[in-house]
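Undergrad: So that you have it, the file is my_file_8.pdb, and it contains PDB, C-alpha atoms:
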```pdb
MODEL        1
ATOM      1  CA  MET D   1     135.881  68.845 -73.103
ATOM      2  CA  LEU D   2     137.166  71.168 -75.827
ATOM      3  CA  ALA D   3     140.717  70.627 -74.616
ATOM      4  CA  ILE D   4     140.580  67.003 -75.742
ATOM      5  CA  CYS D   5     138.777  67.739 -79.034
ATOM      6  CA  GLU D   6     140.342  68.663 -82.353
ATOM      7  CA  PRO D   7     138.859  70.906 -85.054
ATOM      8  CA  VAL D   8     138.178  69.153 -88.372
ATOM      9  CA  GLU D   9     136.552  70.099 -91.673
ATOM     10  CA  LEU D  10     133.614  67.994 -92.836
ATOM     11  CA  VAL D  11     133.657  67.392 -96.596
ATOM     12  CA  MET D  12     130.491  66.896 -98.667
ATOM     13  CA  ALA D  13     129.600  63.186 -99.089
ATOM     14  CA  GLN D  14     132.356  62.114 -96.660
ATOM     15  CA  VAL D  15     131.420  58.872 -94.852
ATOM     16  CA  LEU D  16     131.846  59.228 -91.077
ATOM     17  CA  SER D  17     130.469  55.906 -89.890
ATOM     18  CA  GLU D  18     129.137  52.628 -91.278
ATOM     19  CA  VAL D  19     126.595  50.191 -89.885
ATOM     20  CA  GLY D  20     128.110  47.580 -87.589
ATOM     21  CA  ILE D  21     131.589  49.127 -87.621
ATOM     22  CA  PRO D  22     133.136  50.182 -84.274
ATOM     23  CA  THR D  23     132.993  53.926 -83.737
ATOM     24  CA  ARG D  24     136.396  55.621 -83.851
ATOM     25  CA  TYR D  25     135.343  59.237 -83.411
ATOM     26  CA  VAL D  26     132.530  61.363 -82.068
ATOM     27  CA  TYR D  27     131.668  64.496 -84.054
ATOM     28  CA  PHE D  28     130.106  67.748 -82.860
ATOM     29  CA  PRO D  29     129.268  69.798 -85.980
ATOM     30  CA  THR D  30     129.639  73.557 -85.627
ATOM     31  CA  GLU D  31     128.896  74.513 -89.239
ATOM     32  CA  GLY D  32     128.533  71.348 -91.294
ATOM     33  CA  PHE D  33     125.733  68.810 -90.950
ATOM     34  CA  ILE D  34     125.402  65.054 -91.291
ATOM     35  CA  SER D  35     122.765  62.686 -92.703
ATOM     36  CA  LEU D  36     121.931  59.453 -90.914
ATOM     37  CA  VAL D  37     120.786  56.864 -93.412
ATOM     38  CA  THR D  38     119.754  53.243 -93.218
ATOM     39  CA  PRO D  39     120.650  50.781 -95.971
ATOM     40  CA  ILE D  40     117.944  48.437 -97.253
ATOM     41  CA  LYS D  41     119.050  45.361 -99.160
ATOM     42  CA  GLY D  42     118.354  45.775-102.863
ATOM     43  CA  LYS D  43     116.938  49.297-102.365
ATOM     44  CA  PRO D  44     118.352  52.839-102.251
ATOM     45  CA  VAL D  45     119.312  53.991 -98.776
ATOM     46  CA  LEU D  46     116.863  56.170 -96.854
ATOM     47  CA  GLU D  47     117.610  59.133 -94.609
ATOM     48  CA  VAL D  48     116.117  58.746 -91.127
ATOM     49  CA  GLY D  49     117.868  61.548 -89.249
ATOM     50  CA  MET D  50     120.032  64.635 -89.486
ATOM     51  CA  VAL D  51     122.697  66.059 -87.166
ATOM     52  CA  GLY D  52     123.732  69.708 -87.063
ATOM     53  CA  ARG D  53     125.282  71.879 -84.392
ATOM     54  CA  GLU D  54     122.368  71.074 -82.093
ATOM     55  CA  GLY D  55     123.691  67.542 -81.639
ATOM     56  CA  MET D  56     126.419  64.968 -82.160
ATOM     57  CA  LEU D  57     127.299  61.874 -84.146
ATOM     58  CA  GLY D  58     128.053  58.875 -81.956
ATOM     59  CA  THR D  59     125.168  58.892 -79.469
ATOM     60  CA  GLN D  60     125.280  55.098 -79.180
ATOM     61  CA  LEU D  61     128.424  55.490 -77.049
ATOM     62  CA  ALA D  62     126.272  57.109 -74.375
ATOM     63  CA  LEU D  63     124.349  53.819 -74.250
ATOM     64  CA  GLY D  64     127.510  51.747 -73.867
ATOM     65  CA  VAL D  65     127.396  50.496 -77.482
ATOM     66  CA  THR D  66     130.527  50.886 -79.598
ATOM     67  CA  VAL D  67     129.257  49.964 -83.087
ATOM     68  CA  ALA D  68     127.385  52.420 -85.279
ATOM     69  CA  PRO D  69     123.666  51.657 -85.895
ATOM     70  CA  LEU D  70     123.392  53.857 -89.003
ATOM     71  CA  HIS D  71     125.405  54.963 -92.019
ATOM     72  CA  ALA D  72     126.477  58.601 -91.603
ATOM     73  CA  LEU D  73     127.681  60.884 -94.366
ATOM     74  CA  VAL D  74     128.292  64.599 -94.595
ATOM     75  CA  GLN D  75     125.417  66.430 -96.228
ATOM     76  CA  GLY D  76     126.765  69.949 -95.735
ATOM     77  CA  SER D  77     130.429  70.928 -95.590
ATOM     78  CA  GLY D  78     131.734  72.856 -92.602
ATOM     79  CA  GLY D  79     133.631  72.696 -89.358
ATOM     80  CA  ALA D  80     133.208  70.273 -86.471
ATOM     81  CA  TRP D  81     134.885  69.217 -83.240
ATOM     82  CA  ARG D  82     136.124  65.612 -83.172
ATOM     83  CA  ILE D  83     137.099  63.439 -80.243
ATOM     84  CA  GLY D  84     138.257  59.822 -80.119
ATOM     85  CA  ALA D  85     135.687  57.305 -78.889
ATOM     86  CA  VAL D  86     137.844  56.096 -75.995
ATOM     87  CA  ALA D  87     138.553  59.626 -74.776
ATOM     88  CA  PHE D  88     134.873  60.516 -75.106
ATOM     89  CA  ARG D  89     133.717  57.553 -73.039
ATOM     90  CA  ARG D  90     136.299  58.398 -70.385
ATOM     91  CA  GLU D  91     135.044  61.986 -70.251
ATOM     92  CA  LEU D  92     131.423  60.824 -70.183
ATOM     93  CA  ALA D  93     132.088  58.612 -67.155
ATOM     94  CA  HIS D  94     133.243  61.614 -65.090
ATOM     95  CA  ASN D  95     131.055  64.408 -66.470
ATOM     96  CA  SER D  96     127.510  64.294 -65.072
ATOM     97  CA  ALA D  97     126.428  67.422 -66.999
ATOM     98  CA  LEU D  98     127.486  65.774 -70.268
ATOM     99  CA  GLN D  99     125.595  62.619 -69.294
ATOM    100  CA  ARG D 100     122.384  64.567 -68.636
ATOM    101  CA  GLY D 101     122.669  66.498 -71.896
ATOM    102  CA  LEU D 102     123.279  63.352 -73.925
ATOM    103  CA  ASN D 103     120.398  61.497 -72.289
ATOM    104  CA  ARG D 104     118.052  64.247 -73.456
ATOM    105  CA  TYR D 105     119.596  64.272 -76.925
ATOM    106  CA  VAL D 106     119.215  60.479 -77.258
ATOM    107  CA  TYR D 107     115.520  60.946 -76.482
ATOM    108  CA  VAL D 108     115.229  63.636 -79.166
ATOM    109  CA  MET D 109     116.916  61.338 -81.693
ATOM    110  CA  MET D 110     114.477  58.550 -80.832
ATOM    111  CA  ILE D 111     111.599  60.926 -81.615
ATOM    112  CA  GLN D 112     113.267  61.949 -84.883
ATOM    113  CA  LEU D 113     113.690  58.321 -85.981
ATOM    114  CA  ALA D 114     110.064  57.513 -85.155
ATOM    115  CA  SER D 115     108.919  60.627 -86.994
ATOM    116  CA  ALA D 116     110.910  59.637 -90.088
ATOM    117  CA  ALA D 117     109.193  56.227 -90.182
ATOM    118  CA  SER D 118     105.668  57.645 -89.936
ATOM    119  CA  CYS D 119     106.471  60.450 -92.393
ATOM    120  CA  LEU D 120     107.616  57.957 -95.027
ATOM    121  CA  ARG D 121     104.494  55.848 -94.560
ATOM    122  CA  PHE D 122     101.794  58.509 -94.479
ATOM    123  CA  HIS D 123     103.009  61.690 -96.212
ATOM    124  CA  GLN D 124     103.373  62.612 -99.875
ATOM    125  CA  ILE D 125     106.685  63.520-101.512
ATOM    126  CA  GLY D 126     105.918  67.262-101.720
ATOM    127  CA  PRO D 127     105.330  67.852 -97.985
ATOM    128  CA  ARG D 128     108.238  65.535 -97.142
ATOM    129  CA  LEU D 129     110.516  67.511 -99.453
ATOM    130  CA  ALA D 130     109.421  70.795 -97.845
ATOM    131  CA  ARG D 131     110.170  69.330 -94.421
ATOM    132  CA  TRP D 132     113.590  68.128 -95.540
ATOM    133  CA  LEU D 133     114.470  71.535 -97.008
ATOM    134  CA  LEU D 134     113.495  73.243 -93.757
ATOM    135  CA  MET D 135     115.575  70.803 -91.707
ATOM    136  CA  THR D 136     118.513  71.412 -94.026
ATOM    137  CA  GLN D 137     118.121  75.188 -93.838
ATOM    138  CA  ASP D 138     118.036  75.020 -90.031
ATOM    139  CA  ARG D 139     121.378  73.231 -90.003
ATOM    140  CA  ALA D 140     123.004  75.073 -92.911
ATOM    141  CA  HIS D 141     122.151  78.413 -91.215
ATOM    142  CA  SER D 142     121.667  79.894 -94.668
ATOM    143  CA  ASP D 143     118.884  80.489 -97.180
ATOM    144  CA  ARG D 144     121.090  78.906 -99.857
ATOM    145  CA  PHE D 145     122.638  75.446-100.041
ATOM    146  CA  HIS D 146     123.900  73.078-102.687
ATOM    147  CA  ILE D 147     121.928  69.913-103.435
ATOM    148  CA  THR D 148     121.106  67.944-106.579
ATOM    149  CA  HIS D 149     117.839  66.192-107.478
ATOM    150  CA  GLU D 150     119.764  62.931-107.469
ATOM    151  CA  PHE D 151     120.945  63.469-103.888
ATOM    152  CA  LEU D 152     117.457  64.570-102.811
ATOM    153  CA  ALA D 153     115.994  61.362-104.234
ATOM    154  CA  TYR D 154     118.707  59.424-102.418
ATOM    155  CA  MET D 155     117.867  61.105 -99.113
ATOM    156  CA  LEU D 156     114.087  60.748 -99.458
ATOM    157  CA  GLY D 157     114.192  57.204-100.806
ATOM    158  CA  VAL D 158     112.162  58.020-103.939
ATOM    159  CA  ARG D 159     112.730  58.123-107.684
ATOM    160  CA  ARG D 160     114.416  61.201-109.076
ATOM    161  CA  VAL D 161     111.403  62.075-111.238
ATOM    162  CA  GLY D 162     109.259  62.360-108.105
ATOM    163  CA  VAL D 163     111.668  64.828-106.502
ATOM    164  CA  THR D 164     111.872  66.840-109.733
ATOM    165  CA  THR D 165     108.082  67.171-109.852
ATOM    166  CA  ALA D 166     107.794  68.127-106.180
ATOM    167  CA  ALA D 167     110.645  70.674-106.403
ATOM    168  CA  SER D 168     109.101  72.203-109.521
ATOM    169  CA  GLU D 169     105.804  72.694-107.669
ATOM    170  CA  LEU D 170     107.536  74.405-104.745
ATOM    171  CA  GLN D 171     109.383  76.643-107.184
ATOM    172  CA  HIS D 172     106.171  77.426-109.097
ATOM    173  CA  ASP D 173     104.543  78.479-105.813
ATOM    174  CA  GLY D 174     107.435  80.890-105.162
ATOM    175  CA  LEU D 175     108.706  79.037-102.097
ATOM    176  CA  ILE D 176     112.138  78.063-103.427
ATOM    177  CA  LYS D 177     114.447  78.773-106.339
ATOM    178  CA  TYR D 178     116.336  75.842-107.811
ATOM    179  CA  GLN D 179     119.080  76.167-110.420
ATOM    180  CA  ARG D 180     122.122  74.034-111.231
ATOM    181  CA  GLY D 181     122.119  72.226-107.915
ATOM    182  CA  GLU D 182     121.666  75.406-105.859
ATOM    183  CA  ILE D 183     118.527  75.787-103.765
ATOM    184  CA  GLN D 184     117.433  79.090-102.287
ATOM    185  CA  VAL D 185     114.565  79.327 -99.817
ATOM    186  CA  LEU D 186     112.497  82.336-100.877
ATOM    187  CA  ASN D 187     109.499  82.030 -98.554
ATOM    188  CA  ARG D 188     110.268  80.346 -95.245
ATOM    189  CA  ARG D 189     106.758  80.765 -93.849
ATOM    190  CA  GLY D 190     105.203  79.383 -97.015
ATOM    191  CA  LEU D 191     107.574  76.412 -96.972
ATOM    192  CA  GLU D 192     106.585  75.672 -93.367
ATOM    193  CA  ALA D 193     102.924  75.718 -94.428
ATOM    194  CA  ALA D 194     103.704  73.313 -97.284
ATOM    195  CA  ALA D 195     105.647  70.904 -95.059
ATOM    196  CA  CYS D 196     104.048  67.943 -93.336
ATOM    197  CA  SER D 197     103.211  68.151 -89.639
ATOM    198  CA  CYS D 198     106.379  66.199 -88.756
ATOM    199  CA  TYR D 199     108.524  69.326 -89.088
ATOM    200  CA  ALA D 200     106.604  71.339 -86.488
ATOM    201  CA  ALA D 201     106.495  68.319 -84.172
ATOM    202  CA  ASP D 202     110.270  67.822 -84.429
ATOM    203  CA  ARG D 203     110.885  71.515 -83.745
ATOM    204  CA  ALA D 204     108.667  71.393 -80.676
ATOM    205  CA  THR D 205     110.555  68.373 -79.315
ATOM    206  CA  TYR D 206     113.933  70.063 -79.835
ATOM    207  CA  ALA D 207     112.729  73.256 -78.161
ATOM    208  CA  LYS D 208     111.298  71.384 -75.176
ATOM    209  CA  MET D 209     114.175  68.976 -74.548
ATOM    210  CA  LEU D 210     117.337  70.814 -75.641
ATOM    211  CA  HIS D 211     116.717  74.480 -74.794
TER     212      HIS D 211
ENDMDL
END
```
Before we go any further, please render this structure as structure tokens.

TA:
Amino acid sequence: MLAICEPVELVMAQVLSEVGIPTRYVYFPTEGFISLVTPIKGKPVLEVGMVGREGMLGTQLALGVTVAPLHALVQGSGGAWRIGAVAFRRELAHNSALQRGLNRYVYVMMIQLASAASCLRFHQIGPRLARWLLMTQDRAHSDRFHITHEFLAYMLGVRRVGVTTAASELQHDGLIKYQRGEIQVLNRRGLEAAACSCYAADRATYAKMLH
């Protein structure tokens, strides 16, 4: 598999796929991570999923579908393995272990998408922000990462003022430190307690299905 992949560098805000456009490449992040967002006519886009080194971008190919269902852009810079869609499908057809792994990952992504929908409907901005920061930290593999309030609002589908208020509360409680677009997680356990139940549920699904 690695023999037919090429190493690439993911660049912050780089668009990797667009809705309805045929998939050219499959990406396996090793350091960087990717946001999956859905556009809504007349509204800001909304993040519904995230891909780090636990997964891949291009899962629809495992279902025999060539067009991308979601808009994907790089949220965290870093390395990744890339393989052409045609070569990937050829490998998938002859690699039963890859097929089994991807089937389980597709299931995990289905759970993540469903969780995102219920989280948006039932949970407040503060707990959703805490969950998003934890998901980002898991994939950034660092206590520090760069993000602006504007980008956070874009990802959570809310107004910037709402994100600013929620982030200020987390900082006041000593859970994070935010300055000039740099976020540092100071109290991981406290942030987990502040997050909505969706985070723990997602973690449990990943642990059960992918480990």

Undergrad: Region 36-42 of chain D, all listed atoms, 3 Å padding on each side: what axis-aligned box centre and edge lengths in Å to one decimal come out, as JSON?

TA:
```
{"center_x": 119.9, "center_y": 52.4, "center_z": -96.9, "size_x": 10.0, "size_y": 20.1, "size_z": 17.9}
```

Undergrad: Within 10 Å of region 206-209 of chain D, which residues of region 109-194 of chain D come that close, and what is the closest atom pair and distance in Å for each? Count only C-alpha atoms and give it as a Markdown table.

TA:
```
| residue | atom | partner | partner_atom | distance |
| --- | --- | --- | --- | --- |
| D:Met109 | CA | D:Tyr206 | CA | 9.4 |
| D:Ile111 | CA | D:Tyr206 | CA | 9.6 |
| D:Gln112 | CA | D:Tyr206 | CA | 9.6 |
```

Undergrad: Choose the residue, out of D:Ser115, D:Ser197, D:Thr205, D:Ser35, that has the smallest atom-to-atom separation from Gly49 (chain D); count all atoms listed in the file.

TA: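 Looking only at the distances to Gly49 (chain D), the closest residue turns out to be D:Ser35.
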
Undergrad: Running the PyMOL selection byres ((chain D and resi 140) around 8) on this model by hand, what would come out? Give it as an NGL selection string.

TA: :D and (31-33 or 52 or 76 or 136-139 or 141-142 or 145)

Undergrad: Using all atoms listed in the file, which protein or nucleic acid residues come within 8 Å of Cys119 (chain D)? Drop anything in the same chain fewer than 6 positions from it, and give the result as a list in words.

TA: Arg128, Cys196 and Cys198 of chain D

Undergrad: With only C-alpha atoms as the atoms that count, which of D:Gly64, D:Pro69, D:Pro7, D:Gly55 lies nearest to Ala85 (chain D)?

TA: D:Gly64

Undergrad: Could you tell me which residues the PyMOL selection byres ((chain D and resi 192) around 12) returns for this structure, as a ChimeraX atom specification?

TA: /D:126-135,137-138,170,175-176,185-191,193-201,203

Undergrad: Now that the selection is made, can you save its residues with C-alpha atoms as a CSV table (one decimal), keeping the file's coordinate frame?

TA:
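The resulting file, result-v3.csv, is shown below:
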```
chain,number,residue,atom,x,y,z
D,126,GLY,CA,105.9,67.3,-101.7
D,127,PRO,CA,105.3,67.9,-98.0
D,128,ARG,CA,108.2,65.5,-97.1
D,129,LEU,CA,110.5,67.5,-99.5
D,130,ALA,CA,109.4,70.8,-97.8
D,131,ARG,CA,110.2,69.3,-94.4
D,132,TRP,CA,113.6,68.1,-95.5
D,133,LEU,CA,114.5,71.5,-97.0
D,134,LEU,CA,113.5,73.2,-93.8
D,135,MET,CA,115.6,70.8,-91.7
D,137,GLN,CA,118.1,75.2,-93.8
D,138,ASP,CA,118.0,75.0,-90.0
D,170,LEU,CA,107.5,74.4,-104.7
D,175,LEU,CA,108.7,79.0,-102.1
D,176,ILE,CA,112.1,78.1,-103.4
D,185,VAL,CA,114.6,79.3,-99.8
D,186,LEU,CA,112.5,82.3,-100.9
D,187,ASN,CA,109.5,82.0,-98.6
D,188,ARG,CA,110.3,80.3,-95.2
D,189,ARG,CA,106.8,80.8,-93.8
D,190,GLY,CA,105.2,79.4,-97.0
D,191,LEU,CA,107.6,76.4,-97.0
D,193,ALA,CA,102.9,75.7,-94.4
D,194,ALA,CA,103.7,73.3,-97.3
D,195,ALA,CA,105.6,70.9,-95.1
D,196,CYS,CA,104.0,67.9,-93.3
D,197,SER,CA,103.2,68.2,-89.6
D,198,CYS,CA,106.4,66.2,-88.8
D,199,TYR,CA,108.5,69.3,-89.1
D,200,ALA,CA,106.6,71.3,-86.5
D,201,ALA,CA,106.5,68.3,-84.2
D,203,ARG,CA,110.9,71.5,-83.7
```

Undergrad: Run the PyMOL selection byres ((chain D and resi 71) around 7) on the file and write out the hits as a VMD selection string.

TA: chain D and resid 17 to 19 36 to 38 70 72 to 73

Undergrad: Write the residues you've just listed into a file as a compact mmCIF listing (two decimals), in the frame of the given file, and include C-alpha atoms for each of them.

TA:
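As a result, part06.txt now contains:
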```txt
# COMPACT_ATOMS: atom_id res chain seq x y z
CA SER D 17 130.47 55.91 -89.89
CA GLU D 18 129.14 52.63 -91.28
CA VAL D 19 126.60 50.19 -89.88
CA LEU D 36 121.93 59.45 -90.91
CA VAL D 37 120.79 56.86 -93.41
CA THR D 38 119.75 53.24 -93.22
CA LEU D 70 123.39 53.86 -89.00
CA ALA D 72 126.48 58.60 -91.60
CA LEU D 73 127.68 60.88 -94.37
```

Undergrad: Please report the interatomic distance between CA of Leu92 (chain D) and CA of Thr59 (chain D) in Å with one decimal.

TA: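 That distance, rounded to one decimal, is 11.4 Å.
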
Undergrad: Hey, can you check how far CA of Asp173 (chain D) sits from CA of Arg121 (chain D)?

TA: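 Separating CA of Asp173 (chain D) from CA of Arg121 (chain D) is a distance of 25.3 Å.
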
Undergrad: Which protein, DNA or RNA residues are at most 6 Å from (107.4, 63.9, -104.9) in the file's coordinates when you count all atoms listed in the file, listed as a ChimeraX atom specification?

TA: /D:125-126,162-163,165-166

Undergrad: Grab the CA of Leu63 (chain D) to CA of Ile83 (chain D) distance for me, in Å with one decimal place.

TA: 17.1 Å

Undergrad: When you count only C-alpha atoms, which of these residues is closest to Thr148 (chain D): D:Ser96, D:Asn103, D:Ser118, D:Gln75?

TA: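 Once distances to Thr148 (chain D) are computed over only C-alpha atoms, the minimum belongs to D:Gln75.
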
Undergrad: Around (129.1, 49.9, -84.0) in the file's frame, which residues reach within 10 Å when counting only C-alpha atoms? Return as a list in words?

TA: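 Every polymer residue passing the test: Ser17, Glu18, Val19, Gly20, Ile21, Pro22, Thr23, Arg24, Gly58, Gln60, Leu61, Val65, Thr66, Val67, Ala68, Pro69 and Leu70 of chain D.
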